[in-house]
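A quick write-up on the structure given underneath.
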Amino acid sequence: MAVERVGVVGSGIMGAGIAESAAAAGFKVVLRSRASVGETMAAIERTLSKQVAKGKRTPAEADEIAARVTVTSDLADLADCDLVVECVVEDLATKQALFRELDAAVKPGAVLGTGTSTLPVVELAVQTGRPEAVCGIHFFNPAPLMPLVEIVRPLTASDETIGTAVAFATACGKQAIVVKDQAGFIVNHLLFPYLNNAVRLLEQGVASRDDIDAAMRGGCNFPLGPFALLDLVGLDTSVAILDALYEEFRDPHYAAVPLLRRMVTAGRLGRKSGRGFYDYA
């Protein structure tokens, strides 16, 4: 399928980033936002203005990208989209309900993609009358900068659907890799035992937060240490991913460390809340 109009559902950091990536690639984008239309569009324009100030885009490029994005509060406005990517909260029941709504709202034949980082895509596909047209389209944060997209193939997806998703990601300037529909896919399957074990080392008093982060930056040449990365991802999101991995594989490495759960209970979610393993006030 030739994709011209892209829908994005979810206007948080990831949703806005995917919308920007698609618009920068020349697609017309309809972004469904729970926030006010003006507030969401202003946030996108602020992000583009920062890129202009840093010399990453020209003012004309920023204006062209913003002009390709239409923000709406009504899911029905996605009706004519050729491909839709959802990136709402990482909760299976919430996503299942959304996919039932998308199936009713979006034209027949359109591809419905989920941005889930670990939930079973087939559980969303079977909520629709078009399971063959549903797949995972997993961007990484921040979407405009990160070069990878995981295209997740559930048992129900057609070759045409996967081909359309790969072509879309490639057009956005990303490297698209196709992975089997299992919890964690590739990146999170490898990443989250590492992050979880870093919290375990801290909980056991093996080393301080700063020294563990410094060890992984200096010893493995990682751009961020595990605690800075957990704060960026969000501690609540991290626990949800670990829970999904543990549910599927029952591997103790995926059982979230108690300290991580207690921080979520305390509302220390990372950058999004202003405090996690580090303070961002």
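Ligands are numbered from 1 in the order shown, residues from 1 within each chain, and chains are lettered A, B, ... in the order they appear in the structure tokens.
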| query | What's the 9 Å shell around A:Gly12, counting only C-alpha atoms, without same-chain residues fewer than 6 positions away, as a list in words? | reply | Ser33, Thr40, Cys87 and Val88 of chain A
| field | Polymer residues at most 9 Å from stretch 6-8 of chain A, only C-alpha atoms, same-chain spacing of 3 or more positions, as an MDAnalysis selection string | value | chainID A and resid 3 11 15:16 18:19 22:23 27:33 77:87
| task | Please give the complete set of residues from stretch 65-156 of chain A that DSSP, run on the backbone, assigns to strand (DSSP E or B), formatted as an MDAnalysis selection string. | result | chainID A and resid 69:72 83:86 111:114 134:139 148:153
Output file for the selection above: N, CA and C atoms, as a compact mmCIF listing (two decimals), in the first residue's frame:
# COMPACT_ATOMS: atom_id res chain seq x y z
N VAL A 69 1.25 18.74 9.90
CA VAL A 69 0.64 18.09 11.07
C VAL A 69 -0.70 18.75 11.40
N THR A 70 -1.73 17.94 11.46
CA THR A 70 -3.04 18.39 11.92
C THR A 70 -3.33 17.71 13.25
N VAL A 71 -3.65 18.51 14.26
CA VAL A 71 -3.95 17.97 15.59
C VAL A 71 -5.46 17.94 15.78
N THR A 72 -5.95 16.85 16.34
CA THR A 72 -7.38 16.69 16.56
C THR A 72 -7.62 15.98 17.88
N LEU A 83 -2.15 4.63 7.27
CA LEU A 83 -1.42 3.89 8.31
C LEU A 83 -1.56 4.68 9.60
N VAL A 84 -1.82 3.98 10.70
CA VAL A 84 -1.97 4.61 12.01
C VAL A 84 -1.01 3.94 12.98
N VAL A 85 -0.33 4.76 13.78
CA VAL A 85 0.54 4.24 14.85
C VAL A 85 0.00 4.75 16.17
N GLU A 86 -0.30 3.81 17.09
CA GLU A 86 -0.72 4.24 18.43
C GLU A 86 0.47 4.19 19.37
N VAL A 111 -3.41 0.14 7.48
CA VAL A 111 -2.60 -0.60 8.44
C VAL A 111 -2.71 0.05 9.80
N LEU A 112 -2.93 -0.76 10.83
CA LEU A 112 -2.97 -0.28 12.20
C LEU A 112 -1.73 -0.80 12.91
N GLY A 113 -0.91 0.13 13.39
CA GLY A 113 0.35 -0.24 14.04
C GLY A 113 0.32 0.13 15.51
N THR A 114 0.92 -0.72 16.32
CA THR A 114 1.06 -0.41 17.74
C THR A 114 2.51 -0.08 18.05
N VAL A 134 -2.63 -5.61 11.06
CA VAL A 134 -2.13 -5.08 12.32
C VAL A 134 -0.72 -5.60 12.57
N CYS A 135 0.18 -4.70 12.96
CA CYS A 135 1.55 -5.11 13.29
C CYS A 135 2.12 -4.15 14.32
N GLY A 136 3.31 -4.44 14.81
CA GLY A 136 4.00 -3.53 15.70
C GLY A 136 4.89 -2.59 14.91
N ILE A 137 4.89 -1.31 15.28
CA ILE A 137 5.78 -0.31 14.69
C ILE A 137 6.41 0.43 15.86
N HIS A 138 7.51 -0.11 16.35
CA HIS A 138 8.09 0.34 17.62
C HIS A 138 9.26 1.29 17.39
N PHE A 139 8.97 2.59 17.49
CA PHE A 139 10.00 3.62 17.48
C PHE A 139 10.67 3.66 18.86
N LEU A 148 16.46 3.46 14.84
CA LEU A 148 15.90 2.12 14.68
C LEU A 148 14.39 2.10 14.88
N VAL A 149 13.71 1.24 14.09
CA VAL A 149 12.30 0.91 14.32
C VAL A 149 12.16 -0.61 14.23
N GLU A 150 11.57 -1.20 15.27
CA GLU A 150 11.27 -2.63 15.24
C GLU A 150 9.88 -2.82 14.62
N ILE A 151 9.81 -3.57 13.52
CA ILE A 151 8.54 -3.93 12.91
C ILE A 151 8.20 -5.33 13.41
N VAL A 152 7.11 -5.44 14.16
CA VAL A 152 6.79 -6.68 14.86
C VAL A 152 5.70 -7.43 14.09
N ARG A 153 6.01 -8.67 13.72
CA ARG A 153 5.11 -9.49 12.92
C ARG A 153 4.35 -10.49 13.82
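If you measure from each of A:Met41, A:Val89, A:Leu245, A:Ser36 to A:Gly184 using only C-alpha atoms, the closest one turns out to be A:Leu245.
Each of A:Lys180, A:Arg100, A:Lys107, A:Lys54 was compared to A:Val121 using only C-alpha atoms, and A:Lys180 turns out to be the nearest.
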| request: Pull the helix (DSSP H, G or I) assignments for stretch 197-238 of chain A out of DSSP run on the backbone, and list those residues as number ranges by chain. | output: A: 197-203, 209-220, 226-233, 235-238
Expected file: the selected residues, N, CA, C and O atoms, as a compact mmCIF listing (two decimals), in the first residue's frame:
# COMPACT_ATOMS: atom_id res chain seq x y z
N ASN A 197 19.16 -5.43 36.73
CA ASN A 197 20.32 -5.87 37.51
C ASN A 197 21.13 -4.68 38.04
O ASN A 197 21.75 -4.78 39.11
N ALA A 198 21.10 -3.56 37.32
CA ALA A 198 21.77 -2.36 37.83
C ALA A 198 21.08 -1.89 39.12
O ALA A 198 21.75 -1.51 40.09
N VAL A 199 19.74 -1.92 39.13
CA VAL A 199 19.01 -1.55 40.34
C VAL A 199 19.31 -2.54 41.47
O VAL A 199 19.46 -2.16 42.63
N ARG A 200 19.44 -3.81 41.12
CA ARG A 200 19.77 -4.82 42.12
C ARG A 200 21.13 -4.54 42.76
O ARG A 200 21.30 -4.67 43.98
N LEU A 201 22.12 -4.15 41.94
CA LEU A 201 23.44 -3.81 42.48
C LEU A 201 23.35 -2.64 43.46
O LEU A 201 24.00 -2.63 44.50
N LEU A 202 22.53 -1.64 43.09
CA LEU A 202 22.35 -0.48 43.97
C LEU A 202 21.67 -0.91 45.26
O LEU A 202 22.10 -0.52 46.36
N GLU A 203 20.63 -1.73 45.16
CA GLU A 203 19.88 -2.19 46.32
C GLU A 203 20.77 -3.00 47.26
O GLU A 203 20.64 -2.93 48.49
N ARG A 209 24.93 4.87 42.95
CA ARG A 209 24.27 5.20 41.68
C ARG A 209 25.25 5.81 40.70
O ARG A 209 25.34 5.36 39.53
N ASP A 210 25.98 6.82 41.14
CA ASP A 210 26.88 7.53 40.24
C ASP A 210 27.99 6.62 39.72
O ASP A 210 28.38 6.71 38.54
N ASP A 211 28.51 5.74 40.59
CA ASP A 211 29.61 4.87 40.16
C ASP A 211 29.13 3.79 39.21
O ASP A 211 29.85 3.41 38.28
N ILE A 212 27.92 3.29 39.40
CA ILE A 212 27.38 2.30 38.47
C ILE A 212 27.16 2.94 37.10
O ILE A 212 27.52 2.37 36.07
N ASP A 213 26.60 4.14 37.08
CA ASP A 213 26.41 4.84 35.81
C ASP A 213 27.76 5.12 35.14
O ASP A 213 27.93 4.92 33.93
N ALA A 214 28.72 5.58 35.93
CA ALA A 214 30.05 5.88 35.38
C ALA A 214 30.72 4.63 34.85
O ALA A 214 31.40 4.67 33.81
N ALA A 215 30.52 3.50 35.53
CA ALA A 215 31.14 2.24 35.10
C ALA A 215 30.65 1.83 33.72
O ALA A 215 31.44 1.40 32.86
N MET A 216 29.34 1.98 33.47
CA MET A 216 28.80 1.54 32.19
C MET A 216 29.11 2.54 31.07
O MET A 216 29.25 2.15 29.91
N ARG A 217 29.24 3.83 31.43
CA ARG A 217 29.66 4.80 30.42
C ARG A 217 31.13 4.59 30.07
O ARG A 217 31.50 4.55 28.90
N GLY A 218 31.95 4.46 31.08
CA GLY A 218 33.40 4.36 30.85
C GLY A 218 33.87 2.98 30.47
O GLY A 218 34.84 2.83 29.72
N GLY A 219 33.19 1.94 30.97
CA GLY A 219 33.62 0.58 30.70
C GLY A 219 33.02 -0.04 29.47
O GLY A 219 33.62 -0.92 28.85
N CYS A 220 31.83 0.40 29.09
CA CYS A 220 31.14 -0.16 27.91
C CYS A 220 30.89 0.88 26.83
O CYS A 220 30.28 0.56 25.81
N PRO A 226 22.82 3.17 33.41
CA PRO A 226 21.51 2.54 33.55
C PRO A 226 20.48 3.37 34.30
O PRO A 226 19.30 3.36 33.96
N PHE A 227 20.92 4.14 35.31
CA PHE A 227 19.95 4.91 36.09
C PHE A 227 19.47 6.15 35.32
O PHE A 227 18.29 6.50 35.38
N ALA A 228 20.37 6.77 34.59
CA ALA A 228 19.96 7.88 33.73
C ALA A 228 19.01 7.38 32.64
O ALA A 228 18.04 8.07 32.29
N LEU A 229 19.26 6.18 32.13
CA LEU A 229 18.39 5.63 31.09
C LEU A 229 17.03 5.24 31.67
O LEU A 229 15.99 5.49 31.04
N LEU A 230 17.02 4.64 32.84
CA LEU A 230 15.74 4.31 33.48
C LEU A 230 14.90 5.57 33.69
O LEU A 230 13.68 5.57 33.46
N ASP A 231 15.53 6.66 34.12
CA ASP A 231 14.80 7.91 34.31
C ASP A 231 14.25 8.45 32.99
O ASP A 231 13.17 9.04 32.96
N LEU A 232 15.00 8.25 31.92
CA LEU A 232 14.53 8.70 30.61
C LEU A 232 13.35 7.87 30.13
O LEU A 232 12.35 8.41 29.64
N VAL A 233 13.43 6.56 30.27
CA VAL A 233 12.35 5.67 29.84
C VAL A 233 11.11 5.88 30.70
O VAL A 233 9.98 5.87 30.21
N LEU A 235 10.23 5.07 35.13
CA LEU A 235 10.30 3.89 35.98
C LEU A 235 9.01 3.09 35.94
O LEU A 235 9.03 1.86 36.04
N ASP A 236 7.87 3.77 35.78
CA ASP A 236 6.61 3.03 35.66
C ASP A 236 6.56 2.22 34.37
O ASP A 236 6.14 1.06 34.36
N THR A 237 7.03 2.82 33.28
CA THR A 237 7.10 2.09 32.01
C THR A 237 8.06 0.91 32.12
O THR A 237 7.78 -0.18 31.61
N SER A 238 9.16 1.12 32.81
CA SER A 238 10.15 0.06 32.97
C SER A 238 9.58 -1.13 33.74
O SER A 238 9.79 -2.29 33.38
| task | Determine, counting only C-alpha atoms, which protein, DNA and RNA residues have an atom within 10 Å of an atom of A:Glu61; residues of the same chain fewer than 5 positions away are not included. Present the result as an MDAnalysis selection string. | result | chainID A and resid 24 48 52 56 66:67
